[in-house]
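Next up, my_file-v3.pdb (PDB, C-alpha atoms, pLDDT in the B column):
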```pdb
MODEL        1
ATOM      1  CA  MET A   1      28.413 -11.621  52.532  1.00 42.00           C
ATOM      2  CA  ASN A   2      27.906 -11.747  56.290  1.00 44.00           C
ATOM      3  CA  GLU A   3      24.429 -11.386  57.768  1.00 45.00           C
ATOM      4  CA  GLU A   4      25.087  -7.866  59.029  1.00 60.00           C
ATOM      5  CA  GLN A   5      26.282  -6.624  55.631  1.00 69.00           C
ATOM      6  CA  LEU A   6      23.958  -3.976  54.223  1.00 81.00           C
ATOM      7  CA  ASP A   7      22.997  -4.647  50.597  1.00 92.00           C
ATOM      8  CA  LEU A   8      22.302  -1.418  48.736  1.00 95.00           C
ATOM      9  CA  THR A   9      21.761  -3.022  45.328  1.00 96.00           C
ATOM     10  CA  ASN A  10      18.797  -1.276  43.643  1.00 97.00           C
ATOM     11  CA  HIS A  11      19.021   1.698  46.014  1.00 97.00           C
ATOM     12  CA  PHE A  12      19.921   5.333  45.574  1.00 98.00           C
ATOM     13  CA  LEU A  13      22.751   7.117  47.289  1.00 97.00           C
ATOM     14  CA  ILE A  14      21.829  10.763  47.757  1.00 96.00           C
ATOM     15  CA  ALA A  15      24.862  12.992  48.247  1.00 95.00           C
ATOM     16  CA  MET A  16      24.803  15.018  51.437  1.00 93.00           C
ATOM     17  CA  PRO A  17      25.918  18.687  51.458  1.00 90.00           C
ATOM     18  CA  GLN A  18      29.427  17.856  52.707  1.00 89.00           C
ATOM     19  CA  LEU A  19      30.117  16.332  49.274  1.00 90.00           C
ATOM     20  CA  ASN A  20      29.404  19.664  47.536  1.00 90.00           C
ATOM     21  CA  GLY A  21      32.502  20.775  45.678  1.00 90.00           C
ATOM     22  CA  SER A  22      33.499  17.170  44.966  1.00 92.00           C
ATOM     23  CA  TYR A  23      32.656  15.065  41.926  1.00 93.00           C
ATOM     24  CA  PHE A  24      29.651  13.674  43.801  1.00 95.00           C
ATOM     25  CA  GLY A  25      28.250  17.035  44.927  1.00 93.00           C
ATOM     26  CA  ASN A  26      24.451  17.133  44.485  1.00 94.00           C
ATOM     27  CA  SER A  27      24.430  13.672  42.910  1.00 96.00           C
ATOM     28  CA  VAL A  28      22.121  10.680  42.984  1.00 97.00           C
ATOM     29  CA  VAL A  29      23.793   7.324  42.399  1.00 98.00           C
ATOM     30  CA  TYR A  30      21.867   4.235  41.366  1.00 98.00           C
ATOM     31  CA  MET A  31      23.561   1.240  43.016  1.00 97.00           C
ATOM     32  CA  TRP A  32      23.632  -1.744  40.688  1.00 96.00           C
ATOM     33  CA  GLN A  33      25.992  -3.898  42.721  1.00 95.00           C
ATOM     34  CA  HIS A  34      26.884  -3.990  46.426  1.00 95.00           C
ATOM     35  CA  GLY A  35      28.526  -6.741  48.405  1.00 91.00           C
ATOM     36  CA  GLU A  36      31.430  -7.646  50.630  1.00 91.00           C
ATOM     37  CA  ASP A  37      33.899  -6.970  47.792  1.00 92.00           C
ATOM     38  CA  GLY A  38      32.697  -3.397  47.205  1.00 94.00           C
ATOM     39  CA  ALA A  39      30.046  -1.480  45.325  1.00 96.00           C
ATOM     40  CA  LEU A  40      29.270  -0.144  41.853  1.00 97.00           C
ATOM     41  CA  GLY A  41      26.798   2.505  40.814  1.00 97.00           C
ATOM     42  CA  ILE A  42      25.857   4.968  38.088  1.00 98.00           C
ATOM     43  CA  VAL A  43      25.304   8.673  38.737  1.00 98.00           C
ATOM     44  CA  VAL A  44      21.877   9.352  37.200  1.00 98.00           C
ATOM     45  CA  ASN A  45      21.695  13.138  37.298  1.00 97.00           C
ATOM     46  CA  LEU A  46      24.892  14.645  35.856  1.00 97.00           C
ATOM     47  CA  PRO A  47      24.456  15.295  32.118  1.00 97.00           C
ATOM     48  CA  LEU A  48      27.592  16.052  30.131  1.00 96.00           C
ATOM     49  CA  GLN A  49      27.838  18.591  27.319  1.00 95.00           C
ATOM     50  CA  LEU A  50      27.606  15.593  25.012  1.00 95.00           C
ATOM     51  CA  LYS A  51      24.683  14.236  23.025  1.00 95.00           C
ATOM     52  CA  LEU A  52      24.078  10.604  22.151  1.00 94.00           C
ATOM     53  CA  LYS A  53      24.499  11.437  18.438  1.00 93.00           C
ATOM     54  CA  GLU A  54      28.185  12.118  19.144  1.00 94.00           C
ATOM     55  CA  ILE A  55      28.556   8.625  20.633  1.00 94.00           C
ATOM     56  CA  PHE A  56      26.722   7.154  17.640  1.00 93.00           C
ATOM     57  CA  SER A  57      29.133   8.995  15.334  1.00 93.00           C
ATOM     58  CA  GLN A  58      32.244   7.810  17.218  1.00 93.00           C
ATOM     59  CA  LEU A  59      31.007   4.211  17.092  1.00 93.00           C
ATOM     60  CA  GLU A  60      29.944   4.552  13.423  1.00 93.00           C
ATOM     61  CA  ILE A  61      26.327   3.730  14.222  1.00 92.00           C
ATOM     62  CA  SER A  62      23.885   4.933  11.579  1.00 89.00           C
ATOM     63  CA  VAL A  63      20.974   6.760  13.133  1.00 87.00           C
ATOM     64  CA  GLN A  64      17.503   6.000  11.845  1.00 86.00           C
ATOM     65  CA  ARG A  65      15.726   7.864  14.638  1.00 84.00           C
ATOM     66  CA  PRO A  66      17.462  11.293  14.796  1.00 84.00           C
ATOM     67  CA  GLU A  67      15.550  12.319  17.941  1.00 85.00           C
ATOM     68  CA  ARG A  68      17.385   9.554  19.816  1.00 86.00           C
ATOM     69  CA  GLY A  69      20.663  11.311  19.069  1.00 87.00           C
ATOM     70  CA  GLU A  70      19.529  14.390  20.967  1.00 91.00           C
ATOM     71  CA  GLU A  71      19.445  12.549  24.302  1.00 92.00           C
ATOM     72  CA  PRO A  72      22.083  13.741  26.786  1.00 95.00           C
ATOM     73  CA  VAL A  73      24.940  11.469  27.820  1.00 97.00           C
ATOM     74  CA  LEU A  74      25.548  11.398  31.567  1.00 97.00           C
ATOM     75  CA  SER A  75      28.710  11.381  33.599  1.00 97.00           C
ATOM     76  CA  GLY A  76      28.103   8.070  35.357  1.00 97.00           C
ATOM     77  CA  GLY A  77      31.065   8.342  37.691  1.00 96.00           C
ATOM     78  CA  PRO A  78      34.795   8.916  37.902  1.00 96.00           C
ATOM     79  CA  VAL A  79      35.739   5.253  37.230  1.00 94.00           C
ATOM     80  CA  GLU A  80      36.186   3.838  33.702  1.00 93.00           C
ATOM     81  CA  THR A  81      35.164   7.151  32.117  1.00 92.00           C
ATOM     82  CA  ASP A  82      35.922   5.831  28.636  1.00 91.00           C
ATOM     83  CA  LYS A  83      33.401   2.994  29.007  1.00 94.00           C
ATOM     84  CA  GLY A  84      29.688   3.318  28.262  1.00 95.00           C
ATOM     85  CA  PHE A  85      26.982   2.033  30.597  1.00 97.00           C
ATOM     86  CA  ILE A  86      23.357   1.900  29.496  1.00 97.00           C
ATOM     87  CA  LEU A  87      20.856   1.688  32.340  1.00 97.00           C
ATOM     88  CA  HIS A  88      17.490   0.563  30.955  1.00 96.00           C
ATOM     89  CA  ASP A  89      14.112  -1.052  31.667  1.00 94.00           C
ATOM     90  CA  ASP A  90      14.205  -3.769  29.007  1.00 88.00           C
ATOM     91  CA  GLN A  91      14.667  -7.430  29.956  1.00 87.00           C
ATOM     92  CA  ARG A  92      16.144  -8.500  26.625  1.00 89.00           C
ATOM     93  CA  ASN A  93      19.696  -9.814  26.645  1.00 90.00           C
ATOM     94  CA  TRP A  94      22.179  -7.848  24.600  1.00 93.00           C
ATOM     95  CA  ALA A  95      25.784  -9.110  24.389  1.00 93.00           C
ATOM     96  CA  SER A  96      26.639  -7.730  27.820  1.00 94.00           C
ATOM     97  CA  THR A  97      23.535  -7.315  29.981  1.00 94.00           C
ATOM     98  CA  LEU A  98      23.130  -7.685  33.725  1.00 94.00           C
ATOM     99  CA  HIS A  99      19.547  -7.822  35.020  1.00 95.00           C
ATOM    100  CA  ILE A 100      19.485  -6.043  38.378  1.00 95.00           C
ATOM    101  CA  THR A 101      15.728  -6.294  39.022  1.00 94.00           C
ATOM    102  CA  ASN A 102      12.706  -7.379  36.981  1.00 92.00           C
ATOM    103  CA  ASP A 103      12.603  -3.943  35.369  1.00 92.00           C
ATOM    104  CA  ILE A 104      16.120  -2.493  35.641  1.00 96.00           C
ATOM    105  CA  SER A 105      19.151  -3.756  33.709  1.00 96.00           C
ATOM    106  CA  ILE A 106      22.566  -2.465  32.730  1.00 97.00           C
ATOM    107  CA  THR A 107      24.251  -3.166  29.405  1.00 96.00           C
ATOM    108  CA  THR A 108      27.773  -2.286  28.319  1.00 95.00           C
ATOM    109  CA  SER A 109      27.810  -3.610  24.745  1.00 92.00           C
ATOM    110  CA  LYS A 110      27.425  -1.663  21.507  1.00 93.00           C
ATOM    111  CA  ASP A 111      24.493  -3.737  20.227  1.00 94.00           C
ATOM    112  CA  ILE A 112      22.027  -1.957  22.530  1.00 95.00           C
ATOM    113  CA  LEU A 113      23.126   1.395  21.053  1.00 95.00           C
ATOM    114  CA  ASP A 114      22.466   0.023  17.557  1.00 93.00           C
ATOM    115  CA  ASP A 115      18.929  -0.843  18.663  1.00 94.00           C
ATOM    116  CA  ILE A 116      18.417   2.534  20.360  1.00 94.00           C
ATOM    117  CA  SER A 117      19.535   4.354  17.190  1.00 92.00           C
ATOM    118  CA  ARG A 118      16.856   2.459  15.234  1.00 90.00           C
ATOM    119  CA  GLY A 119      14.148   3.006  17.845  1.00 89.00           C
ATOM    120  CA  GLU A 120      14.154  -0.729  18.627  1.00 91.00           C
ATOM    121  CA  GLY A 121      15.883  -0.535  21.988  1.00 91.00           C
ATOM    122  CA  PRO A 122      14.481  -0.101  25.472  1.00 94.00           C
ATOM    123  CA  GLU A 123      11.650   2.335  26.084  1.00 90.00           C
ATOM    124  CA  ASN A 124      13.484   3.971  28.993  1.00 95.00           C
ATOM    125  CA  TYR A 125      17.252   4.274  29.156  1.00 96.00           C
ATOM    126  CA  LEU A 126      20.154   6.426  30.299  1.00 97.00           C
ATOM    127  CA  VAL A 127      23.544   6.361  28.595  1.00 97.00           C
ATOM    128  CA  ALA A 128      26.459   7.186  30.876  1.00 97.00           C
ATOM    129  CA  LEU A 129      30.208   7.349  30.496  1.00 97.00           C
ATOM    130  CA  GLY A 130      31.942   5.983  33.559  1.00 97.00           C
ATOM    131  CA  CYS A 131      30.640   4.537  36.779  1.00 97.00           C
ATOM    132  CA  ALA A 132      31.143   4.971  40.509  1.00 97.00           C
ATOM    133  CA  GLY A 133      33.031   2.348  42.475  1.00 96.00           C
ATOM    134  CA  TRP A 134      33.911   1.696  46.098  1.00 96.00           C
ATOM    135  CA  SER A 135      36.320  -0.864  47.500  1.00 95.00           C
ATOM    136  CA  ALA A 136      35.283  -3.276  50.258  1.00 94.00           C
ATOM    137  CA  GLY A 137      33.986  -1.319  53.256  1.00 92.00           C
ATOM    138  CA  GLN A 138      34.610   2.110  51.689  1.00 95.00           C
ATOM    139  CA  LEU A 139      30.966   2.935  50.978  1.00 95.00           C
ATOM    140  CA  GLU A 140      29.898   1.795  54.443  1.00 94.00           C
ATOM    141  CA  GLN A 141      32.484   4.179  55.942  1.00 94.00           C
ATOM    142  CA  GLU A 142      31.191   7.048  53.803  1.00 95.00           C
ATOM    143  CA  ILE A 143      27.598   6.333  54.885  1.00 93.00           C
ATOM    144  CA  THR A 144      28.656   6.195  58.545  1.00 92.00           C
ATOM    145  CA  GLY A 145      30.451   9.517  57.963  1.00 92.00           C
ATOM    146  CA  ASN A 146      27.175  11.095  56.789  1.00 91.00           C
ATOM    147  CA  SER A 147      28.292  11.572  53.175  1.00 94.00           C
ATOM    148  CA  TRP A 148      25.282   9.702  51.801  1.00 95.00           C
ATOM    149  CA  VAL A 149      21.637   9.001  52.605  1.00 95.00           C
ATOM    150  CA  THR A 150      20.168   5.879  51.046  1.00 95.00           C
ATOM    151  CA  CYS A 151      16.694   4.998  49.856  1.00 96.00           C
ATOM    152  CA  PRO A 152      15.131   2.330  47.641  1.00 96.00           C
ATOM    153  CA  ALA A 153      15.506   3.180  43.961  1.00 97.00           C
ATOM    154  CA  SER A 154      12.578   4.234  41.813  1.00 95.00           C
ATOM    155  CA  LYS A 155      12.366   3.563  38.085  1.00 95.00           C
ATOM    156  CA  ASP A 156      10.495   6.873  37.651  1.00 96.00           C
ATOM    157  CA  ILE A 157      13.374   8.804  39.216  1.00 97.00           C
ATOM    158  CA  ILE A 158      16.093   6.866  37.397  1.00 97.00           C
ATOM    159  CA  PHE A 159      14.623   7.596  33.966  1.00 97.00           C
ATOM    160  CA  SER A 160      13.320  11.106  34.654  1.00 96.00           C
ATOM    161  CA  ARG A 161      14.836  13.757  32.378  1.00 95.00           C
ATOM    162  CA  GLU A 162      14.562  16.346  35.158  1.00 96.00           C
ATOM    163  CA  PHE A 163      18.184  15.826  36.157  1.00 96.00           C
ATOM    164  CA  THR A 164      18.521  18.783  38.537  1.00 94.00           C
ATOM    165  CA  LYS A 165      15.412  17.683  40.469  1.00 95.00           C
ATOM    166  CA  LYS A 166      16.526  14.089  41.093  1.00 96.00           C
ATOM    167  CA  PRO A 167      18.176  14.739  44.496  1.00 95.00           C
ATOM    168  CA  ASP A 168      14.942  16.273  45.801  1.00 93.00           C
ATOM    169  CA  MET A 169      12.834  13.587  44.112  1.00 95.00           C
ATOM    170  CA  ALA A 170      14.853  10.849  45.832  1.00 95.00           C
ATOM    171  CA  ALA A 171      14.890  12.691  49.176  1.00 93.00           C
ATOM    172  CA  ALA A 172      11.100  13.127  48.972  1.00 92.00           C
ATOM    173  CA  THR A 173      10.719   9.346  49.099  1.00 93.00           C
ATOM    174  CA  LEU A 174      12.171   9.626  52.618  1.00 90.00           C
ATOM    175  CA  GLY A 175      10.014  12.619  53.569  1.00 89.00           C
ATOM    176  CA  PHE A 176      12.471  15.520  53.289  1.00 85.00           C
ATOM    177  CA  ASN A 177      14.007  17.855  50.719  1.00 82.00           C
ATOM    178  CA  MET A 178      17.647  18.682  50.203  1.00 80.00           C
ATOM    179  CA  ALA A 179      17.193  22.297  51.363  1.00 76.00           C
ATOM    180  CA  GLN A 180      16.590  20.879  54.845  1.00 74.00           C
ATOM    181  CA  MET A 181      20.035  19.275  54.946  1.00 73.00           C
ATOM    182  CA  THR A 182      23.057  20.897  56.552  1.00 62.00           C
ATOM    183  CA  THR A 183      26.783  20.269  56.532  1.00 56.00           C
ATOM    184  CA  ASP A 184      26.779  20.243  60.347  1.00 55.00           C
ATOM    185  CA  VAL A 185      27.451  16.762  61.663  1.00 51.00           C
ATOM    186  CA  GLY A 186      26.185  15.701  65.053  1.00 49.00           C
ATOM    187  CA  ARG A 187      26.473  12.575  67.120  1.00 47.00           C
ATOM    188  CA  SER A 188      24.018  11.482  69.753  1.00 43.00           C
TER     189      SER A 188
ENDMDL
END
```

Would you mind writing the file out in structure tokens?
Amino acid sequence: MNEEQLDLTNHFLIAMPQLNGSYFGNSVVYMWQHGEDGALGIVVNLPLQLKLKEIFSQLEISVQRPERGEEPVLSGGPVETDKGFILHDDQRNWASTLHITNDISITTSKDILDDISRGEGPENYLVALGCAGWSAGQLEQEITGNSWVTCPASKDIIFSREFTKKPDMAAATLGFNMAQMTTDVGRS
């Protein structure tokens, strides 16, 4: 990565109004990887009409903590929509875990779901189907085109269950709210 390359790992992308009507309209994306080869993230505020108990059933995981099955599953992005991504705050290593920060990790293996179903998994987690991906330079072009505003990620926002409020929660960390944003683009 060259010195001028922006690294948005462990940041949020907040969708600007011009993305309304697209998959990313009104979304907040947690960036878990960003470099010269591209970027990967998980949308953290788009719940599906799907509960975790349905995933447990499909994977034949017996549920010992039924309340865990009532958690919503999120649409994590339009890429690899048949793959599960679990964003969590536990530093244990499941079969496929990537530690992003000291308190944020992502796991893609079934063993974490077994632990969640038993109440032995992470304290805070989001289960998402799919992820968001950008090829080299694509995200930077979208940011330059005013499609996204970025800010450092917050564990409290990531794991909040107030999904519809997450865009405003993330924007508030920068001192504004989404109602203040417009689709008008200006250049100085």

Completion exercise
Counting all atoms listed in the file, closest pick from A:Asp103, A:Glu120, A:Glu60, A:Glu71 relative to Asp156 in chain A is A:Asp103

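Minimum atom-to-atom distances from A:Phe163, A:Tyr125, A:Phe56, A:Trp134 to Met31 in chain A were compared using all atoms listed in the file, and the lowest value belongs to A:Trp134.
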
Would you translate the PyMOL selection byres ((chain A and resi 139) around 10) into the concrete set of residues it matches in this file, as an mmCIF file with C-alpha atoms, in the coordinates of the input?
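Below is the file that was written, result-v9.cif:
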```cif
data_model
loop_
_atom_site.group_PDB
_atom_site.id
_atom_site.type_symbol
_atom_site.label_atom_id
_atom_site.label_comp_id
_atom_site.auth_asym_id
_atom_site.auth_seq_id
_atom_site.Cartn_x
_atom_site.Cartn_y
_atom_site.Cartn_z
ATOM 1 C CA LEU A 8 22.302 -1.418 48.736
ATOM 2 C CA LEU A 13 22.751 7.117 47.289
ATOM 3 C CA HIS A 34 26.884 -3.990 46.426
ATOM 4 C CA GLY A 38 32.697 -3.397 47.205
ATOM 5 C CA ALA A 39 30.046 -1.480 45.325
ATOM 6 C CA LEU A 40 29.270 -0.144 41.853
ATOM 7 C CA GLY A 133 33.031 2.348 42.475
ATOM 8 C CA TRP A 134 33.911 1.696 46.098
ATOM 9 C CA SER A 135 36.320 -0.864 47.500
ATOM 10 C CA ALA A 136 35.283 -3.276 50.258
ATOM 11 C CA GLY A 137 33.986 -1.319 53.256
ATOM 12 C CA GLN A 138 34.610 2.110 51.689
ATOM 13 C CA GLU A 140 29.898 1.795 54.443
ATOM 14 C CA GLN A 141 32.484 4.179 55.942
ATOM 15 C CA GLU A 142 31.191 7.048 53.803
ATOM 16 C CA ILE A 143 27.598 6.333 54.885
ATOM 17 C CA THR A 144 28.656 6.195 58.545
ATOM 18 C CA GLY A 145 30.451 9.517 57.963
ATOM 19 C CA SER A 147 28.292 11.572 53.175
ATOM 20 C CA TRP A 148 25.282 9.702 51.801
#
```

Which neighbours of Gly84 in chain A fall inside 12 Å, counting only C-alpha atoms, when residues of the same chain fewer than 4 positions from it are skipped, and could you give them as an mmCIF file with C-alpha atoms, keeping the file's coordinate frame?
```
data_model
loop_
_atom_site.group_PDB
_atom_site.id
_atom_site.type_symbol
_atom_site.label_atom_id
_atom_site.label_comp_id
_atom_site.auth_asym_id
_atom_site.auth_seq_id
_atom_site.Cartn_x
_atom_site.Cartn_y
_atom_site.Cartn_z
ATOM 1 C CA ILE A 42 25.857 4.968 38.088
ATOM 2 C CA LEU A 52 24.078 10.604 22.151
ATOM 3 C CA ILE A 55 28.556 8.625 20.633
ATOM 4 C CA PHE A 56 26.722 7.154 17.640
ATOM 5 C CA LEU A 59 31.007 4.211 17.092
ATOM 6 C CA VAL A 73 24.940 11.469 27.820
ATOM 7 C CA LEU A 74 25.548 11.398 31.567
ATOM 8 C CA SER A 75 28.710 11.381 33.599
ATOM 9 C CA GLY A 76 28.103 8.070 35.357
ATOM 10 C CA GLY A 77 31.065 8.342 37.691
ATOM 11 C CA VAL A 79 35.739 5.253 37.230
ATOM 12 C CA GLU A 80 36.186 3.838 33.702
ATOM 13 C CA SER A 96 26.639 -7.730 27.820
ATOM 14 C CA ILE A 106 22.566 -2.465 32.730
ATOM 15 C CA THR A 107 24.251 -3.166 29.405
ATOM 16 C CA THR A 108 27.773 -2.286 28.319
ATOM 17 C CA SER A 109 27.810 -3.610 24.745
ATOM 18 C CA LYS A 110 27.425 -1.663 21.507
ATOM 19 C CA ASP A 111 24.493 -3.737 20.227
ATOM 20 C CA ILE A 112 22.027 -1.957 22.530
ATOM 21 C CA LEU A 113 23.126 1.395 21.053
ATOM 22 C CA LEU A 126 20.154 6.426 30.299
ATOM 23 C CA VAL A 127 23.544 6.361 28.595
ATOM 24 C CA ALA A 128 26.459 7.186 30.876
ATOM 25 C CA LEU A 129 30.208 7.349 30.496
ATOM 26 C CA GLY A 130 31.942 5.983 33.559
ATOM 27 C CA CYS A 131 30.640 4.537 36.779
#
```

Practice task
State, in Å with one decimal place, the distance from CA of Gln58 in chain A to CA of Glu70 in chain A.
Solution key: 14.8 Å
